[in-house]
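Asks: Input file: final-v2.pdb. Contents: PDB, C-alpha atoms.
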```pdb
ATOM      1  CA  MET A   1    -178.640  35.451   1.168
ATOM      2  CA  ILE A   2    -182.358  35.334   1.973
ATOM      3  CA  LYS A   3    -183.190  36.165  -1.643
ATOM      4  CA  LEU A   4    -180.892  33.399  -2.845
ATOM      5  CA  ASP A   5    -182.484  30.900  -0.463
ATOM      6  CA  TYR A   6    -185.961  31.873  -1.624
ATOM      7  CA  LYS A   7    -184.930  31.507  -5.249
ATOM      8  CA  PHE A   8    -183.931  27.868  -4.760
ATOM      9  CA  MET A   9    -186.788  26.819  -2.442
ATOM     10  CA  ARG A  10    -189.586  28.783  -4.120
ATOM     11  CA  LEU A  11    -191.502  25.882  -5.727
ATOM     12  CA  PRO A  12    -191.626  23.461  -2.744
ATOM     13  CA  LEU A  13    -192.313  26.419  -0.430
ATOM     14  CA  PHE A  14    -195.271  27.479  -2.563
ATOM     15  CA  LEU A  15    -196.637  23.911  -2.651
ATOM     16  CA  TYR A  16    -196.143  23.633   1.114
ATOM     17  CA  LEU A  17    -198.026  26.840   1.912
ATOM     18  CA  LEU A  18    -200.788  25.969  -0.543
ATOM     19  CA  THR A  19    -201.210  22.520   1.036
ATOM     20  CA  VAL A  20    -201.288  24.018   4.528
ATOM     21  CA  ILE A  21    -204.016  26.472   3.512
ATOM     22  CA  ILE A  22    -206.094  23.725   1.882
ATOM     23  CA  PHE A  23    -205.633  21.423   4.876
ATOM     24  CA  LEU A  24    -206.630  24.049   7.427
ATOM     25  CA  GLY A  25    -209.584  25.083   5.259
ATOM     26  CA  ILE A  26    -210.930  21.535   5.036
ATOM     27  CA  LEU A  27    -210.269  20.977   8.733
ATOM     28  CA  PHE A  28    -212.243  24.111   9.621
ATOM     29  CA  ILE A  29    -215.185  23.505   7.268
ATOM     30  CA  TYR A  30    -215.381  19.686   7.213
ATOM     31  CA  PRO A  31    -213.512  18.356  10.272
ATOM     32  CA  GLU A  32    -215.333  15.032   9.987
ATOM     33  CA  VAL A  33    -213.138  14.237   6.977
ATOM     34  CA  PHE A  34    -210.223  13.783   9.384
ATOM     35  CA  ALA A  35    -212.166  12.217  12.257
ATOM     36  CA  ILE A  36    -209.944  10.070  14.488
ATOM     37  CA  GLU A  37    -211.156   6.552  15.207
ATOM     38  CA  SER A  38    -209.993   4.566  18.210
ATOM     39  CA  ILE A  39    -209.552   0.882  17.365
ATOM     40  CA  GLY A  40    -208.426  -1.275  20.263
ATOM     41  CA  GLY A  41    -206.210   1.452  21.662
ATOM     42  CA  MET A  42    -204.895   2.373  18.202
ATOM     43  CA  TYR A  43    -205.804   5.598  16.424
ATOM     44  CA  LYS A  44    -206.663   5.868  12.751
ATOM     45  CA  SER A  45    -207.202   9.094  10.809
ATOM     46  CA  ASP A  46    -206.369  10.642   7.456
ATOM     47  CA  VAL A  47    -204.955  13.604   9.363
ATOM     48  CA  PHE A  48    -201.815  11.539   9.940
ATOM     49  CA  TYR A  49    -201.101  11.501   6.207
ATOM     50  CA  PHE A  50    -200.616  15.247   6.410
ATOM     51  CA  THR A  51    -198.857  15.565   9.777
ATOM     52  CA  ASP A  52    -196.581  12.559   9.212
ATOM     53  CA  PHE A  53    -195.909  12.665   5.483
ATOM     54  CA  VAL A  54    -197.165  15.581   3.376
ATOM     55  CA  PHE A  55    -196.016  18.453   5.591
ATOM     56  CA  PRO A  56    -192.655  16.883   6.571
ATOM     57  CA  PHE A  57    -192.044  15.953   2.928
ATOM     58  CA  LEU A  58    -192.737  19.403   1.462
ATOM     59  CA  SER A  59    -190.967  21.315   4.233
ATOM     60  CA  SER A  60    -187.845  19.152   4.010
ATOM     61  CA  ALA A  61    -187.923  19.385   0.204
ATOM     62  CA  ALA A  62    -187.844  23.173   0.532
ATOM     63  CA  ILE A  63    -184.819  22.972   2.827
ATOM     64  CA  ILE A  64    -183.027  20.527   0.538
ATOM     65  CA  MET A  65    -183.547  22.897  -2.387
ATOM     66  CA  GLN A  66    -182.480  25.848  -0.235
ATOM     67  CA  LEU A  67    -179.234  24.318   1.005
ATOM     68  CA  GLY A  68    -178.517  22.032  -1.944
ATOM     69  CA  GLY A  69    -178.826  24.875  -4.419
ATOM     70  CA  THR A  70    -176.001  26.774  -2.748
ATOM     71  CA  PHE A  71    -173.649  23.821  -3.207
ATOM     72  CA  GLU A  72    -173.964  24.041  -6.974
ATOM     73  CA  PRO A  73    -170.744  25.108  -8.799
ATOM     74  CA  ASP A  74    -171.962  28.628  -9.636
ATOM     75  CA  THR A  75    -172.811  29.541  -6.043
ATOM     76  CA  PHE A  76    -170.563  27.342  -3.884
ATOM     77  CA  GLU A  77    -167.572  29.684  -3.881
ATOM     78  CA  PHE A  78    -169.876  32.591  -3.062
ATOM     79  CA  ILE A  79    -171.284  30.741  -0.049
ATOM     80  CA  ARG A  80    -167.775  29.887   1.175
ATOM     81  CA  SER A  81    -166.972  33.586   1.330
ATOM     82  CA  LEU A  82    -169.981  34.493   3.487
ATOM     83  CA  PRO A  83    -169.702  35.281   7.231
ATOM     84  CA  ILE A  84    -170.524  32.679   9.879
ATOM     85  CA  LYS A  85    -174.083  33.993  10.308
ATOM     86  CA  SER A  86    -174.889  32.793   6.784
ATOM     87  CA  THR A  87    -173.594  29.229   7.138
ATOM     88  CA  PRO A  88    -175.886  26.314   6.192
ATOM     89  CA  LEU A  89    -176.566  25.546   9.870
ATOM     90  CA  ILE A  90    -177.814  29.041  10.629
ATOM     91  CA  ARG A  91    -179.907  29.203   7.475
ATOM     92  CA  TRP A  92    -181.320  25.746   8.189
ATOM     93  CA  GLY A  93    -182.169  26.843  11.730
ATOM     94  CA  ARG A  94    -184.226  29.777  10.489
ATOM     95  CA  SER A  95    -186.096  27.649   7.957
ATOM     96  CA  ALA A  96    -186.588  24.766  10.399
ATOM     97  CA  ALA A  97    -188.073  27.173  12.948
ATOM     98  CA  PHE A  98    -190.532  28.442  10.333
ATOM     99  CA  PHE A  99    -191.615  25.021   9.073
ATOM    100  CA  GLY A 100    -191.676  23.559  12.569
ATOM    101  CA  GLY A 101    -193.865  26.430  13.725
ATOM    102  CA  VAL A 102    -196.349  26.079  10.865
ATOM    103  CA  ASN A 103    -196.500  22.295  11.261
ATOM    104  CA  SER A 104    -197.113  22.792  14.965
ATOM    105  CA  VAL A 105    -200.036  25.102  14.189
ATOM    106  CA  CYS A 106    -201.519  22.411  11.919
ATOM    107  CA  ILE A 107    -201.196  19.769  14.656
ATOM    108  CA  ILE A 108    -202.634  22.042  17.329
ATOM    109  CA  PHE A 109    -205.536  23.081  15.097
ATOM    110  CA  SER A 110    -206.179  19.401  14.311
ATOM    111  CA  ALA A 111    -206.304  18.528  18.011
ATOM    112  CA  ILE A 112    -208.757  21.375  18.675
ATOM    113  CA  MET A 113    -211.068  20.753  15.719
ATOM    114  CA  LEU A 114    -211.191  16.964  15.887
ATOM    115  CA  LYS A 115    -211.860  16.853  19.638
ATOM    116  CA  SER A 116    -210.689  13.254  19.802
ATOM    117  CA  ASN A 117    -209.982  11.222  22.894
ATOM    118  CA  ILE A 118    -206.244  11.650  22.295
ATOM    119  CA  ALA A 119    -204.725  14.039  24.831
ATOM    120  CA  PHE A 120    -203.362  17.205  23.230
ATOM    121  CA  SER A 121    -199.816  16.577  24.504
ATOM    122  CA  ARG A 122    -199.861  13.050  23.099
ATOM    123  CA  MET A 123    -201.259  14.224  19.770
ATOM    124  CA  TYR A 124    -198.405  16.686  19.459
ATOM    125  CA  TYR A 125    -195.787  14.171  20.595
ATOM    126  CA  ILE A 126    -196.712  11.500  18.062
ATOM    127  CA  CYS A 127    -197.407  13.871  15.162
ATOM    128  CA  PHE A 128    -194.444  16.250  15.385
ATOM    129  CA  ALA A 129    -191.757  13.541  15.341
ATOM    130  CA  ASN A 130    -191.638  13.138  11.555
ATOM    131  CA  THR A 131    -191.301  16.882  11.051
ATOM    132  CA  VAL A 132    -188.197  16.887  13.243
ATOM    133  CA  LEU A 133    -186.846  13.757  11.525
ATOM    134  CA  PHE A 134    -187.303  14.964   7.947
ATOM    135  CA  LEU A 135    -185.872  18.414   8.658
ATOM    136  CA  SER A 136    -182.812  17.055  10.488
ATOM    137  CA  LEU A 137    -182.144  14.399   7.841
ATOM    138  CA  ALA A 138    -182.528  17.009   5.102
ATOM    139  CA  LEU A 139    -179.757  19.005   6.766
ATOM    140  CA  PHE A 140    -177.430  16.100   7.493
ATOM    141  CA  ILE A 141    -177.704  14.303   4.145
ATOM    142  CA  THR A 142    -177.394  17.575   2.208
ATOM    143  CA  LEU A 143    -174.200  18.476   4.043
ATOM    144  CA  LEU A 144    -172.799  15.029   3.279
ATOM    145  CA  ALA A 145    -173.906  14.570  -0.335
ATOM    146  CA  ARG A 146    -173.997  18.248  -1.432
ATOM    147  CA  GLN A 147    -176.010  17.315  -4.485
ATOM    148  CA  ILE A 148    -179.788  17.588  -4.492
ATOM    149  CA  PHE A 149    -180.325  14.476  -6.613
ATOM    150  CA  TYR A 150    -178.620  12.143  -4.135
ATOM    151  CA  VAL A 151    -180.367  13.699  -1.146
ATOM    152  CA  PHE A 152    -183.773  13.200  -2.718
ATOM    153  CA  CYS A 153    -182.937   9.622  -3.679
ATOM    154  CA  VAL A 154    -181.781   8.617  -0.190
ATOM    155  CA  LEU A 155    -184.360  10.404   1.952
ATOM    156  CA  TYR A 156    -187.469  10.078  -0.180
ATOM    157  CA  GLY A 157    -186.566   6.709  -1.625
ATOM    158  CA  TYR A 158    -186.573   5.309   1.902
ATOM    159  CA  ALA A 159    -189.744   7.185   2.845
ATOM    160  CA  LEU A 160    -191.572   6.058  -0.303
ATOM    161  CA  VAL A 161    -190.801   2.380   0.289
ATOM    162  CA  ASP A 162    -191.897   2.688   3.914
ATOM    163  CA  LEU A 163    -195.114   4.481   2.974
ATOM    164  CA  ILE A 164    -196.073   2.165   0.110
ATOM    165  CA  THR A 165    -195.567  -0.971   2.206
ATOM    166  CA  GLY A 166    -197.816   0.507   4.875
ATOM    167  CA  GLY A 167    -195.376  -0.285   7.654
ATOM    168  CA  GLU A 168    -195.349  -3.997   6.808
ATOM    169  CA  LEU A 169    -191.673  -3.987   5.818
ATOM    170  CA  LEU A 170    -190.309  -2.225   8.906
ATOM    171  CA  GLY A 171    -193.066  -3.106  11.375
ATOM    172  CA  ASP A 172    -193.069  -0.986  14.521
ATOM    173  CA  LYS A 173    -189.877   0.701  13.292
ATOM    174  CA  SER A 174    -191.742   2.399  10.438
ATOM    175  CA  ILE A 175    -191.595   6.186  10.398
ATOM    176  CA  PHE A 176    -195.255   6.103   9.330
ATOM    177  CA  ILE A 177    -196.454   4.092  12.297
ATOM    178  CA  ASN A 178    -199.324   6.540  12.879
ATOM    179  CA  ILE A 179    -200.605   6.083   9.336
ATOM    180  CA  SER A 180    -200.521   2.289   9.521
ATOM    181  CA  ALA A 181    -202.557   2.309  12.774
ATOM    182  CA  GLN A 182    -201.449  -1.235  13.630
ATOM    183  CA  TYR A 183    -199.650  -0.754  16.921
ATOM    184  CA  LEU A 184    -200.657  -0.041  20.503
ATOM    185  CA  PRO A 185    -199.669   3.247  22.212
ATOM    186  CA  ASP A 186    -196.578   1.827  23.944
ATOM    187  CA  LYS A 187    -195.075   0.730  20.600
ATOM    188  CA  VAL A 188    -195.911   4.099  19.071
ATOM    189  CA  ASP A 189    -194.301   5.940  21.991
ATOM    190  CA  ILE A 190    -191.074   3.956  21.635
ATOM    191  CA  ASN A 191    -191.064   4.557  17.875
ATOM    192  CA  ARG A 192    -191.476   8.295  18.342
ATOM    193  CA  ALA A 193    -188.814   8.450  21.060
ATOM    194  CA  VAL A 194    -186.325   6.730  18.728
ATOM    195  CA  ILE A 195    -187.177   9.169  15.941
ATOM    196  CA  TYR A 196    -186.612  12.172  18.198
ATOM    197  CA  GLY A 197    -183.294  10.607  19.258
ATOM    198  CA  ILE A 198    -182.179  10.001  15.657
ATOM    199  CA  SER A 199    -183.097  13.582  14.802
ATOM    200  CA  ALA A 200    -180.948  14.923  17.642
ATOM    201  CA  VAL A 201    -178.007  12.786  16.501
ATOM    202  CA  CYS A 202    -178.383  14.047  12.913
ATOM    203  CA  ILE A 203    -178.242  17.660  14.078
ATOM    204  CA  ILE A 204    -175.168  16.990  16.226
ATOM    205  CA  LEU A 205    -173.431  15.214  13.339
ATOM    206  CA  SER A 206    -174.362  18.085  11.043
ATOM    207  CA  VAL A 207    -172.592  20.490  13.379
ATOM    208  CA  VAL A 208    -169.493  18.263  13.256
ATOM    209  CA  VAL A 209    -169.586  18.068   9.446
ATOM    210  CA  GLN A 210    -170.071  21.825   9.179
ATOM    211  CA  GLU A 211    -167.126  22.511  11.500
ATOM    212  CA  LYS A 212    -164.855  20.213   9.483
ATOM    213  CA  TRP A 213    -166.023  21.846   6.276
ATOM    214  CA  THR A 214    -165.343  25.325   7.726
ATOM    215  CA  LEU A 215    -161.873  24.259   8.886
ATOM    216  CA  LYS A 216    -160.991  22.904   5.451
ATOM    217  CA  SER A 217    -162.259  26.106   3.868
ATOM    218  CA  LYS A 218    -160.023  28.206   6.136
ATOM    219  CA  GLN A 219    -157.020  25.981   5.410
ATOM    220  CA  PHE A 220    -157.727  26.277   1.688
ATOM    221  CA  LYS A 221    -157.791  30.084   1.914
ATOM    222  CA  ILE A 222    -154.560  30.181   3.956
ATOM    223  CA  GLY A 223    -152.898  27.882   1.447
ATOM    224  CA  ASN A 224    -153.895  30.149  -1.438
ATOM    225  CA  ILE A 225    -152.567  33.225   0.391
ATOM    226  CA  LYS A 226    -149.220  31.504   0.907
TER     227      LYS A 226
END
```
Output the file's structure as structure tokens, nothing else.

Replies:
Amino acid sequence: MIKLDYKFMRLPLFLYLLTVIIFLGILFIYPEVFAIESIGGMYKSDVFYFTDFVFPFLSSAAIIMQLGGTFEPDTFEFIRSLPIKSTPLIRWGRSAAFFGGVNSVCIIFSAIMLKSNIAFSRMYYICFANTVLFLSLALFITLLARQIFYVFCVLYGYALVDLITGGELLGDKSIFINISAQYLPDKVDINRAVIYGISAVCIILSVVVQEKWTLKSKQFKIGNIK
């Protein structure tokens, strides 16, 4: 199962790890590139492009390829026959823990190297939200659509519009509120809290969808036996 997962997610995983290495290298050698500026209580830095977009994008793309690939016709029946420990939720959990851990390291290293006037806990709180959002949406939308093309269109189509408009379209509801650097801390905190809440709901709904899918699979097998 692990080999099959790696086969599907190999390209985005490689790009993700390569980007992480490059980011950490630049941060270690030239930290001034990502220097955080405080503008009227708002924080602006190119580091947010990585913590809020690049890393969440590549890590969620890897998970979409991992899970979405197993819903293709030539592997779907094989996945249905696997034990509970190999279900999409369990496999997503392992991958999410890995990507979440690496993204956390990048945020922590950024906080240490940049030595900004943002408290470490706040830096982590505002920067980790998009990782949780992208990973949870990748799971939920993949379970619903079960085709990689549609998942990419929905998730990244929305993200691309939000990113290109620089937060102007959605205002303080933008998922890239850190990148836009237009809102005071209280607005940012509310935005992040909502994102963490949406992420939790997506995971809960994913569990519900998975349980219904498992039940239908069992009923299908019983019906065939009869």

Asks: Please write as a PyMOL selection string the full residue list that the PyMOL selection byres ((chain A and resi 209) around 12) yields on this file.

Replies: chain A and resi 88-89+139-146+202-208+210-216

Asks: Nearest residue to Phe134 (chain A) out of A:Phe14, A:Tyr30, A:Phe149, A:Phe99, using only C-alpha atoms?

Replies: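 With only C-alpha atoms as the atom set, the closest residue is A:Phe99.
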
Asks: As number ranges by chain, please: the residues near Ile126 (chain A) (cut-off 12 Å, only C-alpha atoms, same-chain neighbours under 4 positions excluded).

Replies: A: 43, 48, 51-52, 104, 107, 111, 118-122, 130-132, 175-179, 185-196

Asks: Do you know which residues the PyMOL selection byres ((chain A and resi 50) around 10) returns on this file, as a ChimeraX atom specification?

Replies: /A:19-20,23,46-49,51-57,103,106-107,127,179

Asks: What do you get, as a list in words, if you spell out every residue that the PyMOL selection byres ((chain A and resi 28) around 12) selects here?

Replies: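 This file gives the following for the PyMOL selection byres ((chain A and resi 28) around 12): Ile21, Ile22, Phe23, Leu24, Gly25, Ile26, Leu27, Ile29, Tyr30, Pro31, Glu32, Val33, Phe34, Cys106, Phe109, Ser110, Ala111, Ile112, Met113 and Leu114 of chain A.
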
Asks: In Å, rounded to a single decimal, give me how far CA of Phe8 (chain A) is from CA of Ile148 (chain A).

Replies: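 Straight-line distance from CA of Ile148 (chain A) to CA of Phe8 (chain A) works out to 11.1 Å.
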
Asks: How far is it from CA of Leu133 (chain A) to CA of Gly100 (chain A), in Å with one decimal?

Replies: 11.0 Å

Asks: Have a look at CA of Asn117 (chain A) and CA of Ile39 (chain A) and let me know their distance in Å, one decimal.

Replies: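 CA of Ile39 (chain A) lies 11.7 Å from CA of Asn117 (chain A).
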
Asks: For Phe98 (chain A), work out the shell of residues within 12 Å, counting only C-alpha atoms and skipping chain neighbours fewer than 6 positions away, then give it as a PyMOL selection string.

Replies: chain A and resi 13+16-17+59-60+62-63+91-92+104-105+131+135

Asks: Go ahead and write the selection's residues with C-alpha atoms as a short mmCIF file (atom, residue, chain, number, x, y, z; two decimals), in the coordinates of the input.

Replies:
```cif
data_model
loop_
_atom_site.label_atom_id
_atom_site.label_comp_id
_atom_site.auth_asym_id
_atom_site.auth_seq_id
_atom_site.Cartn_x
_atom_site.Cartn_y
_atom_site.Cartn_z
CA LEU A 13 -192.31 26.42 -0.43
CA TYR A 16 -196.14 23.63 1.11
CA LEU A 17 -198.03 26.84 1.91
CA SER A 59 -190.97 21.32 4.23
CA SER A 60 -187.84 19.15 4.01
CA ALA A 62 -187.84 23.17 0.53
CA ILE A 63 -184.82 22.97 2.83
CA ARG A 91 -179.91 29.20 7.48
CA TRP A 92 -181.32 25.75 8.19
CA SER A 104 -197.11 22.79 14.96
CA VAL A 105 -200.04 25.10 14.19
CA THR A 131 -191.30 16.88 11.05
CA LEU A 135 -185.87 18.41 8.66
#
```

Asks: Go through A:Val151, A:Leu170, A:Ile90, A:Leu184 and flag the residue nearest Ala138 (chain A), using only C-alpha atoms for the distances.

Replies: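 Distance minimum relative to Ala138 (chain A) lands on A:Val151.
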
Asks: Smallest atom-to-atom distance to Met123 (chain A): which of A:Leu67, A:Leu160, A:Leu137, A:Ile108, using only C-alpha atoms?

Replies: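 Answer, going by the shortest atom-to-atom distance: A:Ile108.
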
Asks: Take every atom of region 203-208 of chain A listed in the file, fit an axis-aligned box around them, add 6 Å per side, and give the centre and edge lengths in Å to one decimal as lines of an AutoDock Vina configuration file.

Replies:
```
center_x = -173.9
center_y = 17.9
center_z = 13.6
size_x = 20.7
size_y = 17.3
size_z = 17.2
```
